[in-house]
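Dropping start.txt in here (compact mmCIF, C-alpha atoms):
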```txt
# COMPACT_ATOMS: atom_id res chain seq x y z
CA MET B 2 47.22 -7.03 -8.44
CA ASP B 3 49.22 -9.85 -9.87
CA ALA B 4 47.90 -13.40 -10.32
CA THR B 5 49.53 -14.76 -7.15
CA VAL B 6 47.94 -12.17 -4.87
CA ASP B 7 44.57 -12.59 -6.57
CA GLN B 8 44.79 -16.35 -6.06
CA ASP B 9 45.72 -15.95 -2.38
CA ILE B 10 42.82 -13.56 -1.78
CA HIS B 11 40.44 -15.93 -3.55
CA PHE B 12 41.28 -18.84 -1.21
CA ILE B 13 41.82 -17.00 2.10
CA ARG B 14 38.25 -17.43 3.42
CA ASP B 15 38.32 -21.21 2.87
CA ILE B 16 41.78 -21.51 4.40
CA GLN B 17 40.83 -19.51 7.49
CA SER B 18 37.62 -21.46 8.06
CA GLY B 19 39.61 -24.69 7.77
CA MET B 20 42.12 -23.45 10.33
CA HIS B 21 39.27 -22.68 12.76
CA SER B 22 37.70 -26.14 12.38
CA ARG B 23 37.88 -28.70 15.20
CA GLY B 24 39.96 -31.04 13.03
CA PHE B 25 42.83 -28.57 12.55
CA THR B 26 45.57 -29.17 15.10
CA SER B 27 48.71 -27.70 13.53
CA GLN B 28 50.29 -26.59 10.29
CA LEU B 29 53.34 -27.88 8.48
CA LEU B 30 56.06 -25.32 7.81
CA ASN B 31 58.42 -25.45 4.87
CA GLU B 32 62.17 -25.39 5.56
CA GLU B 33 62.51 -21.60 5.43
CA GLU B 34 59.44 -21.00 7.61
CA ALA B 35 60.69 -23.57 10.14
CA ARG B 36 64.04 -21.77 10.28
CA VAL B 37 62.31 -18.45 11.00
CA GLN B 38 60.12 -20.11 13.67
CA HIS B 39 63.19 -21.64 15.31
CA TYR B 40 64.92 -18.24 15.29
CA HIS B 41 61.95 -16.60 17.02
CA ASP B 42 61.71 -19.43 19.55
CA TRP B 43 65.42 -19.02 20.31
CA LEU B 44 65.02 -15.25 20.71
CA ASP B 45 62.07 -15.74 23.07
CA HIS B 46 64.12 -18.18 25.15
CA PHE B 47 67.19 -15.93 25.16
CA MET B 48 65.14 -12.90 26.21
CA GLY B 49 63.34 -14.86 28.93
CA ALA B 50 59.92 -14.72 27.31
CA ARG B 51 59.38 -18.49 27.66
```

For the file at hand, write its structure as structure tokens.
Amino acid sequence: MDATVDQDIHFIRDIQSGMHSRGFTSQLLNEEEARVQHYHDWLDHFMGAR
């Protein structure tokens, strides 16, 4: 595997345990991730899922 994947795998356990802690309330999305989230929210609304 390349260095980026190895680094991601190395930190995944710590990241997941942090996300399951009581202090974690939400995550911040970068601009591209926010755009994708908005698209999915719009699709859900358009299709009557929400």

Work out where the centre of an axis-aligned box around every listed atom of stretch 19-22 of chain B lies and how long its edges are once 6 Å is added on each side; give both in Å to one decimal as lines of an AutoDock Vina configuration file.
```
center_x = 39.9
center_y = -24.4
center_z = 10.3
size_x = 16.4
size_y = 15.5
size_z = 17.0
```

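Note that the spacing between atom CA of B:Glu32 and atom CA of B:His46 amounts to 21.0 Å.
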
Atom CA of B:Leu44 to atom CA of B:Met20 measures 26.4 Å

What separation in Å, quoted to one decimal, exists between atom CA of B:Gln38 and atom CA of B:Val6?
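Going from atom CA of B:Gln38 over to atom CA of B:Val6 covers 23.6 Å.
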